[in-house]
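Data file: data03.txt. Format and content: compact mmCIF, C-alpha atoms and all ligand atoms.
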# COMPACT_ATOMS: atom_id res chain seq x y z
CA MET U 1 0.00 0.00 0.00
CA ILE U 2 1.01 3.62 -0.54
CA LEU U 3 1.35 5.39 2.78
CA THR U 4 -0.20 8.78 3.43
CA SER U 5 -0.57 10.88 6.58
CA GLU U 6 -4.16 9.57 6.79
CA ASN U 7 -3.38 5.83 6.67
CA TYR U 8 0.11 5.89 8.20
CA HIS U 9 -1.03 4.69 11.64
CA SER U 10 -3.74 2.29 10.37
CA LEU U 11 -3.78 -1.41 11.30
CA GLU U 12 -3.43 -2.23 7.61
CA ALA U 13 -0.25 -0.15 7.37
CA ASN U 14 1.10 -1.65 10.60
CA LYS U 15 0.52 -5.17 9.30
CA GLU U 16 2.34 -4.51 6.05
CA TYR U 17 5.16 -2.37 7.47
CA LEU U 18 7.30 -2.46 10.58
CA SER U 19 7.68 0.87 12.37
CA VAL U 20 10.05 1.79 15.17
CA SER U 21 7.27 1.87 17.76
CA GLN U 22 6.05 -1.53 16.62
CA TYR U 23 9.61 -2.84 16.74
CA LYS U 24 9.94 -1.54 20.29
CA ASP U 25 6.68 -3.30 21.25
CA PHE U 26 8.12 -6.61 20.02
CA ALA U 27 11.75 -6.22 21.08
CA GLY U 28 11.47 -3.81 24.02
CA THR U 29 13.85 -1.02 24.98
CA LEU U 30 16.19 -0.76 27.96
CA GLY U 31 13.37 1.00 29.80
CA LYS U 32 10.37 -1.03 28.66
CA PRO U 33 10.29 -4.83 28.52
CA ALA U 34 9.11 -6.45 25.31
CA CYS U 35 5.72 -8.13 25.19
CA GLU U 36 5.31 -10.07 21.96
CA GLU U 37 1.76 -11.07 22.77
CA GLN U 38 0.68 -7.48 23.43
CA ALA U 39 2.43 -6.34 20.24
CA LEU U 40 0.40 -8.86 18.22
CA ALA U 41 -2.82 -7.98 20.05
CA LYS U 42 -2.31 -4.35 19.00
CA LEU U 43 -1.70 -5.39 15.39
CA ASN U 44 -4.87 -7.49 15.40
CA GLY U 45 -6.90 -4.62 16.78
CA ASP U 46 -7.58 -6.52 20.03
CA TRP U 47 -5.76 -4.03 22.23
CA GLU U 48 -5.39 -0.26 22.09
CA MET U 49 -2.89 1.75 24.06
CA GLU U 50 -4.41 4.46 26.19
CA MET U 51 -3.90 7.98 24.82
CA THR U 52 -2.31 9.68 27.81
CA THR U 53 -2.11 13.42 28.42
CA ALA U 54 1.69 13.15 28.20
CA LEU U 55 1.41 11.75 24.66
CA LEU U 56 -1.20 14.31 23.70
CA VAL U 57 0.99 17.21 24.86
CA GLY U 58 3.77 15.90 22.60
CA SER U 59 1.31 15.66 19.71
CA TYR U 60 0.14 19.22 20.41
CA VAL U 61 3.68 20.55 20.00
CA ASP U 62 4.20 18.38 16.89
CA ALA U 63 0.97 19.72 15.40
CA HIS U 64 2.07 23.30 16.01
CA PHE U 65 5.31 22.84 14.08
CA GLU U 66 3.49 20.96 11.35
CA SER U 67 1.05 23.91 11.11
CA THR U 68 -1.90 21.58 11.75
CA LEU U 69 -2.83 22.81 15.23
CA ASP U 70 -6.34 23.81 14.10
CA VAL U 71 -7.09 20.28 12.93
CA PHE U 72 -5.53 18.86 16.09
CA LYS U 73 -7.73 21.07 18.30
CA ALA U 74 -10.84 20.05 16.37
CA LYS U 75 -9.99 16.36 16.69
CA ASN U 76 -9.16 16.54 20.40
CA PRO U 77 -11.85 18.58 22.15
CA GLU U 78 -10.77 17.06 25.50
CA ILE U 79 -7.83 19.47 25.60
CA PHE U 80 -10.26 22.30 26.42
CA THR U 81 -12.14 22.97 29.66
CA LYS U 82 -15.94 23.29 29.58
CA GLN U 83 -15.42 27.06 29.39
CA GLY U 84 -13.45 26.58 26.18
CA GLN U 85 -10.02 27.41 27.66
CA LEU U 86 -6.97 25.28 26.98
CA LYS U 87 -6.32 22.96 29.93
CA ALA U 88 -3.20 23.65 32.02
CA GLU U 89 -1.08 20.95 30.33
CA TYR U 90 -1.67 22.49 26.91
CA ARG U 91 -1.02 26.01 28.16
CA ARG U 92 2.31 24.54 29.28
CA ALA U 93 2.69 23.16 25.74
CA GLU U 94 2.20 26.71 24.44
CA GLU U 95 4.97 27.91 26.78
CA ILE U 96 7.28 25.17 25.47
CA ILE U 97 6.52 26.24 21.89
CA ASN U 98 7.29 29.87 22.76
CA ARG U 99 10.56 28.84 24.41
CA ILE U 100 11.58 26.85 21.32
CA GLU U 101 10.64 29.68 18.99
CA ARG U 102 12.85 32.21 20.70
CA ASP U 103 15.93 30.03 20.04
CA ASP U 104 17.16 30.57 16.48
CA TYR U 105 19.46 27.55 16.57
CA PHE U 106 16.67 25.17 17.62
CA MET U 107 14.42 26.64 14.94
CA LYS U 108 17.01 25.94 12.23
CA TYR U 109 16.64 22.25 13.01
CA MET U 110 12.86 22.57 12.91
CA SER U 111 12.92 24.27 9.52
CA GLY U 112 12.92 21.10 7.41
CA GLN U 113 10.03 19.39 5.64
CA LYS U 114 7.57 18.20 8.26
CA GLN U 115 6.24 14.66 8.82
CA VAL U 116 8.04 13.18 5.82
CA ILE U 117 7.06 9.57 5.20
CA MET U 118 9.61 7.14 3.72
CA THR U 119 9.71 3.36 3.34
CA ALA U 120 12.52 0.88 2.71
CA GLU U 121 13.28 -2.80 3.00
CA LEU U 122 15.70 -3.60 5.84
CA PHE U 123 16.63 -7.09 7.00
CA GLY U 124 13.80 -8.73 5.06
CA ALA U 125 11.08 -6.43 6.41
CA LYS U 126 9.31 -3.43 4.92
CA TRP U 127 9.74 -0.43 7.23
CA LYS U 128 7.92 2.88 7.41
CA ILE U 129 9.19 6.05 9.05
CA LYS U 130 7.80 9.54 9.53
CA ILE U 131 10.36 12.30 10.07
CA ASP U 132 9.38 15.34 12.15
CA SER U 133 11.79 17.69 10.34
CA TYR U 134 13.74 16.48 7.30
CA LEU U 135 16.48 18.80 6.07
CA ASP U 136 17.23 17.46 2.62
CA ASP U 137 20.91 16.44 2.33
CA ILE U 138 21.60 17.87 5.80
CA ALA U 139 19.90 16.16 8.74
CA ILE U 140 17.11 14.04 10.19
CA VAL U 141 15.45 15.68 13.18
CA ASP U 142 12.98 14.21 15.65
CA LEU U 143 11.15 16.51 18.07
CA LYS U 144 10.68 15.17 21.59
CA VAL U 145 8.87 16.77 24.50
CA MET U 146 10.01 15.09 27.73
CA GLU U 147 9.39 15.52 31.48
CA SER U 148 13.08 16.39 31.83
CA LEU U 149 16.12 16.17 29.54
CA THR U 150 18.61 15.49 32.32
CA LYS U 151 16.77 12.88 34.38
CA GLN U 152 18.78 9.71 35.02
CA PHE U 153 17.13 6.36 34.49
CA TRP U 154 18.34 3.16 36.10
CA THR U 155 18.25 -0.39 34.76
CA LYS U 156 19.48 -3.52 36.47
CA ASP U 157 21.77 -4.62 33.64
CA PHE U 158 23.17 -1.30 32.44
CA GLY U 159 23.03 1.04 35.45
CA TYR U 160 22.27 4.72 34.96
CA MET U 161 21.47 6.19 31.55
CA ASP U 162 19.87 9.18 29.81
CA PHE U 163 16.34 9.31 28.38
CA THR U 164 17.39 8.70 24.77
CA GLN U 165 18.82 5.25 25.48
CA TYR U 166 16.21 4.35 28.08
CA TRP U 167 13.30 4.95 25.71
CA GLY U 168 15.09 3.58 22.63
CA TYR U 169 15.28 6.85 20.70
CA ASP U 170 18.71 5.65 19.54
CA ILE U 171 16.93 2.69 17.90
CA GLN U 172 14.66 5.19 16.16
CA GLY U 173 17.70 7.16 14.95
CA ALA U 174 19.35 4.01 13.61
CA VAL U 175 16.31 2.97 11.58
CA TYR U 176 15.55 6.49 10.35
CA GLN U 177 19.12 7.03 9.20
CA GLU U 178 19.19 3.70 7.35
CA VAL U 179 15.79 4.20 5.67
CA VAL U 180 16.84 7.68 4.50
CA TYR U 181 20.13 6.19 3.26
CA GLN U 182 18.25 3.52 1.26
CA ASN U 183 16.10 6.25 -0.31
CA THR U 184 18.73 8.90 -1.01
CA GLY U 185 22.18 7.26 -0.83
CA LYS U 186 23.08 9.80 1.88
CA ARG U 187 23.85 8.95 5.50
CA LEU U 188 22.58 12.01 7.34
CA PRO U 189 23.21 12.84 11.00
CA PHE U 190 20.35 12.17 13.41
CA PHE U 191 19.33 14.80 15.97
CA ILE U 192 16.73 14.93 18.69
CA ALA U 193 15.34 18.42 19.09
CA ALA U 194 14.26 18.12 22.71
CA ALA U 195 12.27 20.30 25.05
CA SER U 196 11.19 19.62 28.63
CA LYS U 197 7.87 20.19 30.35
CA GLU U 198 9.54 21.62 33.43
CA LYS U 199 8.28 24.89 34.91
CA GLU U 200 11.17 26.54 33.11
CA PRO U 201 11.36 24.51 29.88
CA ASN U 202 14.80 23.17 28.98
CA ILE U 203 15.82 22.84 25.32
CA GLU U 204 18.66 21.02 23.55
CA ILE U 205 19.66 19.77 20.13
CA ILE U 206 21.05 16.29 20.84
CA GLN U 207 23.08 14.30 18.33
CA ILE U 208 23.27 10.53 18.52
CA ASP U 209 26.54 9.70 16.80
CA ASP U 210 26.80 7.36 13.84
CA ASP U 211 28.88 4.74 15.69
CA HIS U 212 26.17 4.36 18.31
CA LEU U 213 23.48 4.25 15.60
CA LYS U 214 25.44 1.49 13.87
CA GLU U 215 25.42 -0.62 17.04
CA LYS U 216 21.70 -0.11 17.40
CA LEU U 217 21.06 -1.01 13.77
CA TYR U 218 22.94 -4.26 14.34
CA GLU U 219 20.53 -5.02 17.22
CA VAL U 220 17.59 -4.29 14.93
CA GLU U 221 19.08 -6.67 12.35
CA GLN U 222 19.31 -9.42 15.00
CA ASN U 223 15.72 -8.96 16.20
CA THR U 224 13.85 -8.43 12.94
CA PRO U 225 13.64 -12.09 11.71
CA LYS U 226 11.82 -13.18 14.89
CA ILE U 227 9.39 -10.25 14.59
CA LEU U 228 8.60 -11.23 11.01
CA LEU U 229 7.93 -14.82 12.10
CA LEU U 230 5.60 -13.56 14.84
CA LYS U 231 3.74 -11.27 12.41
CA ASP U 232 3.36 -14.18 9.98
CA LYS U 233 2.03 -16.39 12.82
CA MET U 234 4.99 -18.75 12.38
CA ALA U 235 6.11 -18.44 16.01
CA ASP U 236 4.33 -18.35 19.35
CA PRO U 237 4.45 -14.97 21.11
CA ILE U 238 5.94 -14.72 24.60
CA ARG U 239 3.89 -12.97 27.32
CA CYS U 240 5.80 -10.48 29.47
CA GLY U 241 3.44 -11.11 32.38
CA ILE U 242 3.53 -7.52 33.63
CA CYS U 243 2.01 -5.23 30.96
CA ASP U 244 -1.64 -4.13 30.92
CA TRP U 245 -2.50 -6.65 28.19
CA CYS U 246 -1.02 -9.52 30.25
CA LYS U 247 -2.86 -8.34 33.37
CA HIS U 248 -6.11 -7.99 31.42
CA THR U 249 -5.93 -11.50 29.91
CA LYS U 250 -4.42 -13.53 32.74
CA VAL U 251 -6.35 -16.51 34.07
CA LEU U 252 -5.54 -17.73 37.57
CA THR U 253 -5.07 -21.46 38.15
CA LYS U 254 -3.07 -21.65 41.39
CA PRO U 255 -1.74 -19.49 44.21
CA ILE U 256 1.76 -18.03 44.03
CA HIS U 257 4.20 -17.85 46.93
CA TYR U 258 4.56 -14.34 48.34
CA SER U 259 8.26 -14.32 47.42
CA GLU U 260 7.29 -14.51 43.73
CA LEU U 261 5.52 -11.12 43.78
CA LEU U 262 8.61 -9.06 43.04
CA GLY U 263 9.83 -11.33 40.22
CA GLU U 264 13.56 -11.51 39.57
CA VAL U 265 14.75 -8.38 41.33
ZN ZN U 301 2.67 -8.42 28.42

Would you kindly transcribe this structure into structure tokens?
Ligand SMILES: [Zn+2]
Amino acid sequence: MILTSENYHSLEANKEYLSVSQYKDFAGTLGKPACEEQALAKLNGDWEMEMTTALLVGSYVDAHFESTLDVFKAKNPEIFTKQGQLKAEYRRAEEIINRIERDDYFMKYMSGQKQVIMTAELFGAKWKIKIDSYLDDIAIVDLKVMESLTKQFWTKDFGYMDFTQYWGYDIQGAVYQEVVYQNTGKRLPFFIAAASKEKEPNIEIIQIDDDHLKEKLYEVEQNTPKILLLKDKMADPIRCGICDWCKHTKVLTKPIHYSELLGEV
């Protein structure tokens, strides 16, 4: 199928193409364990992720820079109070936008083509990507609105790390860079244009270097065959046991010992 901004997020598109968020559902990130069964349930339309205010605030800022805020407001009436005022979270989003717009350097990175869709075949799978700001021949930029840009996250296996690694934005950079390379023959640098939701919004342009992206792309290469098997129903999905889907569908058959409650800590 030919992808458009209208069908990009459809189930049909997700079945035909792998996306980074779908990949992360199947393979997990350092911060979020994989749940293959939930990933498939989403693809089959059996499970929908809750649209949280945090996600909606990010979409609000995206919509502003894409010049589609009017459409966004019409589609999401819940962002207004009964009196027709923007709710506090979206007034904060407006402050973030203002902070970004008074930084010329940040705005340079946001001056590319917005929401550019590309596809490519990588590791036997068809992939789709949507770039927030694509500067032809120059850079790939993804806009992220985070709680904080400097918060440290902890994982058992890797210790402390920043938000980009924790949430797998380096995986996103790796796939985006490779898909653009397949389309244009140019390996462009990947940047996260980041802003925080703190009382005083923080802003940064963050580069994830090519060596790190290469490592992440190798991981994607390792994980993709299994994902394709799962999507083709040629392998049985593993349940993570802790996500909302697993909680929603679990069927009790015996008691557990209290020491099992915390899992393998
Ligand atoms: Zn699960």

Taking all atoms listed in the file into account, produce a table as a Markdown table in which each residue of chain U with an atom at most 6 Å from an atom of ligand ZN 301 (chain U) appears once, together with its shortest atom pair and the distance in Å to one decimal, ordered by chain and rising number.
| residue | atom | partner | partner_atom | distance |
| --- | --- | --- | --- | --- |
| U:Cys35 | CA | U:ZN301 | ZN | 4.5 |
| U:Gln38 | CA | U:ZN301 | ZN | 5.5 |
| U:Arg239 | CA | U:ZN301 | ZN | 4.8 |
| U:Cys240 | CA | U:ZN301 | ZN | 3.9 |
| U:Gly241 | CA | U:ZN301 | ZN | 4.8 |
| U:Ile242 | CA | U:ZN301 | ZN | 5.4 |
| U:Cys243 | CA | U:ZN301 | ZN | 4.1 |
| U:Trp245 | CA | U:ZN301 | ZN | 5.5 |
| U:Cys246 | CA | U:ZN301 | ZN | 4.3 |

Would you place a box with edges along x, y and z of the file around all atoms of segment 229-238 of chain U listed there, add 5 Å to each of its six sides, and report the centre and edge lengths in Å to one decimal, as JSON?
{"center_x": 5.0, "center_y": -15.0, "center_z": 17.3, "size_x": 15.9, "size_y": 17.5, "size_z": 24.6}

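Ranking U:Ser19, U:Asp25, U:Leu30, U:Val71 by their shortest atom-to-atom distance to Asp162 of chain U, with all atoms listed in the file included, puts U:Leu30 first.
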
Atom CA of Ala39 of chain U to atom CA of Ala195 of chain U, straight-line distance in Å: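 Interatomic distance here is 28.8 Å.
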
Nearest candidate to Phe158 of chain U (options U:Lys24, U:Thr29, U:Glu219, U:Tyr60; using only C-alpha atoms):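 Counting only C-alpha atoms, the residue closest to Phe158 of chain U is U:Thr29.
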
Long-range neighbours of segment 142-155 of chain U as an MDAnalysis selection string, 7 Å cut-off, all atoms listed in the file, 4 positions minimum in chain: chainID U and resid 58 131:133 159:163 166 191:198

So that each row is one residue of segment 88-189 of chain U with an atom at most 10 Å from segment 11-16 of chain U, can you give its shortest atom pair and the distance in Å to one decimal, using only C-alpha atoms, rows by chain and rising number, as a Markdown table?
| residue | atom | partner | partner_atom | distance |
| --- | --- | --- | --- | --- |
| U:Ala125 | CA | U:Glu16 | CA | 9.0 |
| U:Lys126 | CA | U:Glu16 | CA | 7.1 |
| U:Trp127 | CA | U:Glu16 | CA | 8.5 |
| U:Lys128 | CA | U:Ala13 | CA | 8.7 |

Closest of U:Gly28, U:Gln115, U:Val175, U:Ser21 to Ala63 of chain U - atom-to-atom distances counting all atoms listed in the file: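 Going through U:Gly28, U:Gln115, U:Val175, U:Ser21 one by one, the smallest distance to Ala63 of chain U is for U:Gln115.
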
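From atom CA of Ala27 of chain U back to atom CA of His257 of chain U, the distance works out to 29.3 Å.
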
If you take only C-alpha atoms and a cut-off of 12 Å, which residues of segment 172-242 of chain U touch segment 44-47 of chain U, and what are their nearest atom pairs and distances in Å to one decimal, in chain and number order, as a Markdown table?
| residue | atom | partner | partner_atom | distance |
| --- | --- | --- | --- | --- |
| U:Lys231 | CA | U:Asn44 | CA | 9.9 |
| U:Asp232 | CA | U:Asn44 | CA | 11.9 |
| U:Lys233 | CA | U:Asn44 | CA | 11.6 |

Of the listed residues U:Ile97, U:Leu122, U:Met107, U:Val20, that which approaches Leu69 of chain U most closely, counting all atoms listed in the file: U:Ile97

Exercise: Gln182 of chain U partners within 9 Å, all atoms listed in the file, chain neighbours under 3 positions left out, as a VMD selection string: chain U and resid 119 to 122 177 to 179 185 to 187

Residue with smallest distance to Ile129 of chain U - pool U:Thr53, U:Pro255, U:Gly173, U:Glu215, counting all atoms listed in the file: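 Nearest candidate to Ile129 of chain U out of U:Thr53, U:Pro255, U:Gly173, U:Glu215: U:Gly173.
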
Pairwise distance for atom CA of Gly84 of chain U and atom CA of Phe72 of chain U, rounded to one decimal in Å: 15.0 Å

Residue among U:Met118, U:Leu228, U:Leu262, U:Ile208 lying closest to Ile2 of chain U, counting all atoms listed in the file: U:Met118

Polymer residues at most 9 Å from (6.8, 23.5, 11.5) by all atoms listed in the file, as a PyMOL selection string: chain U and resi 62-68+107+110-114+132-133
